[in-house]
Every structure is written in structure tokens, then in C-alpha cells.
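Below is one structure, written out as C-alpha cells; the observations come after it.
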Amino acid sequence: MLDFRNTNTLWASILAETLQRLGLTTAVICPGSRSAPLTIAFAQNHLIETIPVLDERSASFFALGIAKKSGLPTALICTSGTAAANFYPAIIEARESRIPLLVLTADRPPELRDCHAGQAIDQIKLYGNYPNWQAELAIPAAEIGMLGYLRQTIVYAIERSTFPTPGPVHLNIPLRDPLVPISDIAIEALETQFDSEDFFAGLEPIVVGETLTPPSPPLLRGGVGSAIEPSLSLLRGGAGSTLRQWQESEKGIIIAGVAQPQDAEKYCSAIGKISQLLNWPVLAEGLSPLRNHAQLNPYLISTYDLILRNRELADKLTPEIAIQIGDLPTSKELRNWLDKTQPKRYIIDPSHHNIDPLHGKTIHLRTSIENLATKLTLVTQVPPLNKGGLGGDRTSAKNSSPVPPLTKGGLGGVLISPSHEYLQLWHNTETQVRQAIDEKMAAITNIIEPKIPWLLSQILPPATPIFISNSMPVRDVEFFWKPNNLQIKPYINRGANGIDGTLSTALGVAHRNQSSIMLTGDLALLHDTNGFLINKKFVGHLTIILINNNGGGIFEMLPVAKFDPPFEEFFATPQHINFASLCATYGVEHETIDDWEQLKEKILVLPNSGIRVLELQTDRRADAKWRQDNLGKFAKGL
């Protein structure tokens, strides 16, 4: 609905209506005077959910979480001045993790800048190079030409937030008085002359689908007919050298890093197809959906970090070629091993980002893994994927031997030809290390941090979204998250790897979603306690599994831990917070968990609404020592 009460209301309502017709579903709005026309316009558009959030930093991460879940841009609105500066960390994360956000900052008009008018800072290009695109809109005007300019600028802004690489877009919006909907007779008279359907004709909603593939570099072009897409050109071009190299290499690996695909099953199936075609193992990060769709990936390796701590084994497992899907996993052991062995590496990712921090022998293939799997299937005539089995006829049952089954998916029942010694070595090692981990964890009765993700991977309700905090939780997930077929959906802010906005992002993911989980340490939660203010507007349920070790557990794993002072005061930074009292302040349910059976009982069936905190109190130093004593032992002697 357009609002013809005055120029500002018309301008803002056309902006909101354009976004709604383009498919925008959610706007997160921070209170303020200068942004009043925008706030009123969005609040009046009943097809857009408008959510008021007091704290701008919390609001921006809440919007980020909503966009992570949906794959669609979320609008984020604030007033002029330092309010907009509080969006900065979330905008950085959106850029680095490739999440679409539309940031709308109200501003004073040019004549009230640089003159101490109050609540006026330089907002032009406020976020540096982090937005995909940024612009300042013209001063609102009620002329049809200017309204068309506004509409098309919004169309372009939405396009740039999703293509060629999703990310944030910033529009700075100067507004003159009146900021409230005071009637202007001249503007009201325009309503009878304005044809809304004609004005908005042709606008279509954004479609969330497989990640788009941007134009390809010269490497991917040529050597094949124009009907074949660029990724296929690479496979067939140059006498098929690339694909032939992949197929002829017995020592190839696929590395699957952090991923939050909209269609996890399609993503996992694509990797499974390629893995089975090439007979290569898949080293899957705990933050990848692969570990939660294990039956789709029979060559799944989840214990690579622990395996590579055995130097003799690591040398035997040196690869010739590595296909890296998306960002590298968190594991420092894996990164050091790749840096040392220097395999030829192909990075599969549709974005324009450089995601090779190792600067190795790398070729970037700017396409999605789903697209690559489809083209590989066309080139090699691979039969459709048979879940849990092998595609193609490169491995026959006659010459194969079964690999011992896992409890939940993974390597169980897969037949591997004896000629694939490299793959078999990965398989056998994974099976033995996984068994050692399971036996060790099952025997632990006291509450320790490493057992928490191991247990969660087996007891969460099917398809549960889980947001995992950075620092130590993300590493314990990589070490110990057990492959399963529960279709759990992992989320994380792994773009810039900060602890900013942990709670707010998790609430955004959980908002209007299936009952969700957040796994966090105490400092990450304390860093974002204003996120609890969202509680009254939050629709859904979030259980926060709080690992309270009274400080920064990640620092206990670093060399600086040996130097105290100043370690405890300036690095571990214990806060000595009573979380029961903190939760009571915000009206959030709190319970202390004393044993594993109590945790299981609380997790097996999640509530439908509200926020609750399940606090597990742990010993930071003892758990760090446990990791130091045990991480290197699981693959020892193999």
C-alpha cells in the first residue's frame, strides 16, 4: 500500500512496496527519529514481517541469522549517526560468509552535514569495501521520473545482494523534515493519478535456488561446443586433461569445508556422486551438512584432524590432487598438512572470493558443486546415485571387500576394490579412529567439553538447526561430531570467525524455524547478552547449551597459556557471572545440567517456544589438558 500523505511517506512506501514485490519477507528495524518514514512504511506493509530491535548490533546479527536460514536478503533499518556504525561487524560477517543483507541507513540531508547539526556523521561509504554495492539515494521527490529511479535502484540493490555473490548492500537515505506523516495536499492529490499496477508491473520475487555461477575465467572456456557450460568445458577442453587427471589419480581427496546450502541433500548427493566416480575419500568438516547425511557419502572421513596427528600416517596419506569445496575446514592440522604436501588443488566455489589462504598450486573453478556433479555425470555417463552404494562400474563386487559398518551411515557396507589402496587406507583408519573415539567418550561419566558435541550428534531431533559458536565449540565439533543420518542443519558465523552477535544470529536462525539449538561458551554468550531483548518478538524456540568454563577455553590451547601472569587476567578473562540471575533478568528459563542423562532428557524432545539456557559447568584447564593428552592418541599406533 502506497502512502500519499507527503513526499517522505510516498518515497518510503514505494521503497517498501518494491521490496515486498521482489519477495522481501522480513525487515529488522531499530528505533530512531530520522528513519521514521522508513519505519512507518515497513510497519504498514503487512506482507513484510517487521521486527523492532533496540540494540543495533544485536539487530544486525539477528537479520544476518534470518538471511542465513532463508537465503533471501533481510532488510536492516536504522536512524542517522552512530546507530549505523553498530551494524559494521554484521556487515563484515555477511560479506565474508556471503549472506545477503539490505542495509538502509537514514541520514540527514546534505545541508545538515559537517555543521554540528547533531546525530550526523559521514555515512557515505561507511562500511568501506565490505558491501557488494553501496549508494546514496537522492533526496525524496514526488515526481514520477524520480519515483521510477527509486524503484529501479531498489531492484538493482536486491540484485547485487544476491548476484554474482551474495553479500550486503548499503543504501544511505537522506530525509528532510517532516519525518512524520503530516498531510501535504499537493502530494495527496497525486494518488488519483498514480497507476500502481502499471508502476510495479514486471517486478517478480527473488527465487532462492542453487547458487548462481558467475562468468567464468578463460581457463574454463574453449575446447567444446557453445551449448556446453563453462565447467564442462574445463572437463573436456584440452583433450579432457583435467578430468583424466582426476580419474587416473589413485591419491585424490575431496575436502568439504563449512557450508550452509539451502538444499543440503542435493549438496551432499553431489559430493557423493563425485566421490564415488573418482573413488576418493571426502574429508568433511563438522560444520558441513555431510556429516549429518552420512548415507549419501560412503567415503566420508570425519576424523582427519586426529588421523593427521600421526606423522607416519600423514606421510602415507599424502595426496596428489585435492578438490576443495568452499572454504577450508577449521583444522590447523589439515591446513599444515596441505601446506607441507602441496597437492594440486581445485577449489570449487561459485563466488568471486579468493578462498585459498595457503596460496598453493590452486585452480579456482567458479561453479557450484551441484553444477559440477551434473556435468561430470554427463561427461562420464555415471548412473544415478544409489544411496549407500557405488555409482558406475569402476568397482565390481567380485573384486571388492566390505568395509566394517558404522553405527549411523558413513562407511558401512561399501565395497572397495583392493586396487584402491589409498582409499582403503583412509577407510580403515577412519573406522579405527572413530571406534576409539566412541569407546573413549562412552566411558566418560563426568561433564567434559569434548563429549558435548559427540553426544549432540547422536541425540538431536531430526533436522534440528544448530548454531555453533566460534572459539572452542567449533573445534570440538570438528574433532568429535559423529557422522549420522539425522539431517541436522549446522550454522555458524565462520566468515570473520568472531564471537560478535552469537546469540542474536542464533535467534535469527531459529526465528519461525524448527525448534533450534545453540552451542556456545560463556564469553561468546556474554558478548551478546542484549540479544535476549529480542525474546518478546522471537517466534520459535531456542535451547542454548552453555558451556561455562569461566573464561576463554580456546586460549588454554595456545602457547600463551604458559605465561601467567598475564594469561589468566588478560587472555582467559574469567567473568564470574551467575547465569541463573542473568537469565532471570531477561525472563529466560535457566537450568544447570549435572549429568549426561539429564542433558539427553532435555534435548530428545525440544520445546516449541521461548528461550532456555542449559548450563554445563566445566573445568577449563582440565578439559584443555584432556585434549592435549588425547587428541594425538586416537590415531597413535595405526
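Identifiers in the C-alpha cells: chain A, B, ... in order shown; residue index from 1 per chain; ligand index from 1 in order shown.
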Using only C-alpha atoms, what table do you get, as CSV, when you list each residue of region 437-485 of chain A with an atom no more than 12 Å from region 56-67 of chain A, its nearest pair of atoms, and their distance in Å rounded to one decimal, rows by chain then rising number?
residue,atom,partner,partner_atom,distance
A:Pro465,CA,A:Gly65,CA,11.6
A:Ile466,CA,A:Gly65,CA,11.7
A:Phe467,CA,A:Gly65,CA,9.5
Please produce a file of the residues just selected, as a PDB file, in the first residue's frame, where the atoms kept are all heavy atoms.
ATOM      1  N   PRO A 465      18.043 -27.395  13.501  1.00  0.00           N
ATOM      2  CA  PRO A 465      19.062 -26.375  13.228  1.00  0.00           C
ATOM      3  C   PRO A 465      19.911 -26.176  14.479  1.00  0.00           C
ATOM      4  O   PRO A 465      19.376 -26.091  15.591  1.00  0.00           O
ATOM      5  CB  PRO A 465      18.237 -25.117  12.921  1.00  0.00           C
ATOM      6  CG  PRO A 465      16.836 -25.607  12.681  1.00  0.00           C
ATOM      7  CD  PRO A 465      16.691 -26.833  13.527  1.00  0.00           C
ATOM      8  N   ILE A 466      21.230 -26.110  14.308  1.00  0.00           N
ATOM      9  CA  ILE A 466      22.115 -25.860  15.445  1.00  0.00           C
ATOM     10  C   ILE A 466      23.103 -24.766  15.069  1.00  0.00           C
ATOM     11  O   ILE A 466      23.793 -24.857  14.051  1.00  0.00           O
ATOM     12  CB  ILE A 466      22.851 -27.135  15.913  1.00  0.00           C
ATOM     13  CG1 ILE A 466      23.815 -26.806  17.075  1.00  0.00           C
ATOM     14  CG2 ILE A 466      23.574 -27.827  14.777  1.00  0.00           C
ATOM     15  CD1 ILE A 466      24.387 -28.032  17.767  1.00  0.00           C
ATOM     16  N   PHE A 467      23.145 -23.718  15.880  1.00  0.00           N
ATOM     17  CA  PHE A 467      24.115 -22.642  15.668  1.00  0.00           C
ATOM     18  C   PHE A 467      25.273 -22.850  16.632  1.00  0.00           C
ATOM     19  O   PHE A 467      25.067 -23.002  17.840  1.00  0.00           O
ATOM     20  CB  PHE A 467      23.488 -21.263  15.902  1.00  0.00           C
ATOM     21  CG  PHE A 467      24.410 -20.144  15.496  1.00  0.00           C
ATOM     22  CD1 PHE A 467      24.437 -19.700  14.181  1.00  0.00           C
ATOM     23  CD2 PHE A 467      25.273 -19.560  16.408  1.00  0.00           C
ATOM     24  CE1 PHE A 467      25.307 -18.693  13.791  1.00  0.00           C
ATOM     25  CE2 PHE A 467      26.140 -18.556  16.032  1.00  0.00           C
ATOM     26  CZ  PHE A 467      26.156 -18.116  14.711  1.00  0.00           C
TER      27      PHE A 467
END
Worksheet entry | Gln617 (chain A) environment, 10 Å, only C-alpha atoms, sequence neighbours closer than 5 positions dropped, as a list in words | Ile447, Ile448, Glu449, Asp522, Leu546, Ile547, Asn548, Asn549, Asn550, Thr592, Ile593 and Asp594 of chain A
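Residues in contact with Gly551 (chain A) at 12 Å, where only C-alpha atoms are counted and same-chain residues fewer than 5 positions away are skipped, are listed as A:Ser471, A:Met472, A:Gly521, A:Asp522, A:Leu523, A:Ala524, A:Leu525, A:Leu526, A:His527, A:Glu556, A:Phe567, A:Glu568, A:Glu569, A:Phe570, A:Phe571, A:Ala572, A:Thr573, A:Pro574, A:Gln575, A:His576, A:Ile577, A:Gln617, A:Thr618, A:Asp619, A:Arg620, A:Arg621.
Across A:Pro89, A:Pro37, A:Gly508, A:Gly587, the tightest approach to Ile182 (chain A) is made by A:Pro37 when counting only C-alpha atoms.
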Worksheet entry | Spatial neighbours of region 197-207 of chain A, 9 Å, only C-alpha atoms, chain gap at least 3 places, as a PyMOL selection string | chain A and resi 17-24+72+148+151+155+158-159+162+194
Discussion item. Set the distance at 8 Å and use only C-alpha atoms: which residues neighbour Ala135 (chain A) once local chain neighbours fewer than 6 positions away are removed? I'd like the list as a VMD selection string.
Written reply: chain A and resid 124 to 125 170 to 172
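Coordinates place CA of His353 (chain A) at a distance of 24.1 Å from CA of Thr502 (chain A).
Checking A:Phe555, A:Leu175, A:Gly81, A:Asn86 one by one against Gly118 (chain A), counting only C-alpha atoms, you find the shortest gap at A:Gly81.
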Fill in: Ser331 (chain A) surroundings by only C-alpha atoms, 9 Å radius, close-in-sequence under 5 positions cut, as a count of residues only
7
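Each of A:Tyr586, A:His427, A:Tyr127, A:Ala314 was checked against Glu333 (chain A) using only C-alpha atoms; the smallest atom-to-atom distance is that of A:Ala314.
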Using only C-alpha atoms, which residues sit within 12 Å of Arg311 (chain A) once same-chain residues fewer than 6 positions away are excluded, as a PDB file with N, CA, C and O atoms, in the first residue's frame?
ATOM      1  N   ASP A 305      41.442 -34.701  11.253  1.00  0.00           N
ATOM      2  CA  ASP A 305      42.331 -33.911  12.113  1.00  0.00           C
ATOM      3  C   ASP A 305      43.126 -34.821  13.041  1.00  0.00           C
ATOM      4  O   ASP A 305      44.336 -34.628  13.245  1.00  0.00           O
ATOM      5  N   LEU A 317      49.458 -40.833   3.612  1.00  0.00           N
ATOM      6  CA  LEU A 317      48.211 -40.336   3.032  1.00  0.00           C
ATOM      7  C   LEU A 317      48.402 -39.092   2.175  1.00  0.00           C
ATOM      8  O   LEU A 317      47.427 -38.460   1.758  1.00  0.00           O
ATOM      9  N   THR A 318      49.645 -38.737   1.878  1.00  0.00           N
ATOM     10  CA  THR A 318      49.923 -37.558   1.056  1.00  0.00           C
ATOM     11  C   THR A 318      49.178 -37.647  -0.279  1.00  0.00           C
ATOM     12  O   THR A 318      49.340 -38.614  -1.018  1.00  0.00           O
ATOM     13  N   GLU A 333      45.679 -28.783  11.683  1.00  0.00           N
ATOM     14  CA  GLU A 333      46.428 -29.966  11.254  1.00  0.00           C
ATOM     15  C   GLU A 333      46.258 -30.196   9.753  1.00  0.00           C
ATOM     16  O   GLU A 333      47.217 -30.473   9.039  1.00  0.00           O
ATOM     17  N   LEU A 334      45.027 -30.079   9.283  1.00  0.00           N
ATOM     18  CA  LEU A 334      44.752 -30.263   7.860  1.00  0.00           C
ATOM     19  C   LEU A 334      45.433 -29.194   7.029  1.00  0.00           C
ATOM     20  O   LEU A 334      46.059 -29.491   5.996  1.00  0.00           O
ATOM     21  N   ASN A 336      48.081 -27.365   7.759  1.00  0.00           N
ATOM     22  CA  ASN A 336      49.536 -27.550   7.766  1.00  0.00           C
ATOM     23  C   ASN A 336      49.954 -28.711   6.863  1.00  0.00           C
ATOM     24  O   ASN A 336      50.969 -28.648   6.180  1.00  0.00           O
ATOM     25  N   TRP A 337      49.149 -29.770   6.863  1.00  0.00           N
ATOM     26  CA  TRP A 337      49.436 -30.944   6.035  1.00  0.00           C
ATOM     27  C   TRP A 337      49.339 -30.597   4.555  1.00  0.00           C
ATOM     28  O   TRP A 337      50.207 -30.969   3.756  1.00  0.00           O
ATOM     29  N   LYS A 340      52.286 -28.475   3.615  1.00  0.00           N
ATOM     30  CA  LYS A 340      53.518 -29.263   3.540  1.00  0.00           C
ATOM     31  C   LYS A 340      53.553 -30.146   2.290  1.00  0.00           C
ATOM     32  O   LYS A 340      54.572 -30.221   1.596  1.00  0.00           O
ATOM     33  N   GLY A 632      46.155 -36.535  20.197  1.00  0.00           N
ATOM     34  CA  GLY A 632      47.199 -37.211  19.439  1.00  0.00           C
ATOM     35  C   GLY A 632      47.223 -38.721  19.612  1.00  0.00           C
ATOM     36  O   GLY A 632      47.958 -39.416  18.908  1.00  0.00           O
ATOM     37  N   LYS A 633      46.393 -39.242  20.524  1.00  0.00           N
ATOM     38  CA  LYS A 633      46.448 -40.676  20.830  1.00  0.00           C
ATOM     39  C   LYS A 633      45.477 -41.517  20.006  1.00  0.00           C
ATOM     40  O   LYS A 633      45.681 -42.716  19.847  1.00  0.00           O
ATOM     41  N   ALA A 635      44.852 -41.820  16.923  1.00  0.00           N
ATOM     42  CA  ALA A 635      45.400 -42.472  15.722  1.00  0.00           C
ATOM     43  C   ALA A 635      46.800 -43.037  15.966  1.00  0.00           C
ATOM     44  O   ALA A 635      47.460 -43.495  15.038  1.00  0.00           O
ATOM     45  N   LYS A 636      47.221 -43.019  17.221  1.00  0.00           N
ATOM     46  CA  LYS A 636      48.572 -43.488  17.533  1.00  0.00           C
ATOM     47  C   LYS A 636      48.672 -45.005  17.356  1.00  0.00           C
ATOM     48  O   LYS A 636      47.792 -45.758  17.743  1.00  0.00           O
ATOM     49  N   GLY A 637      49.748 -45.432  16.720  1.00  0.00           N
ATOM     50  CA  GLY A 637      49.994 -46.857  16.571  1.00  0.00           C
ATOM     51  C   GLY A 637      49.257 -47.508  15.419  1.00  0.00           C
ATOM     52  O   GLY A 637      49.349 -48.723  15.218  1.00  0.00           O
ATOM     53  N   LEU A 638      48.504 -46.719  14.629  1.00  0.00           N
ATOM     54  CA  LEU A 638      47.772 -47.302  13.498  1.00  0.00           C
ATOM     55  C   LEU A 638      48.687 -47.467  12.277  1.00  0.00           C
ATOM     56  O   LEU A 638      49.639 -46.732  12.110  1.00  0.00           O
TER      57      LEU A 638
END
Discussion item. Would you compute the distance between CA of Ile517 (chain A) and CA of Ile603 (chain A)? Give it in Å to one decimal.
Written reply: 9.0 Å
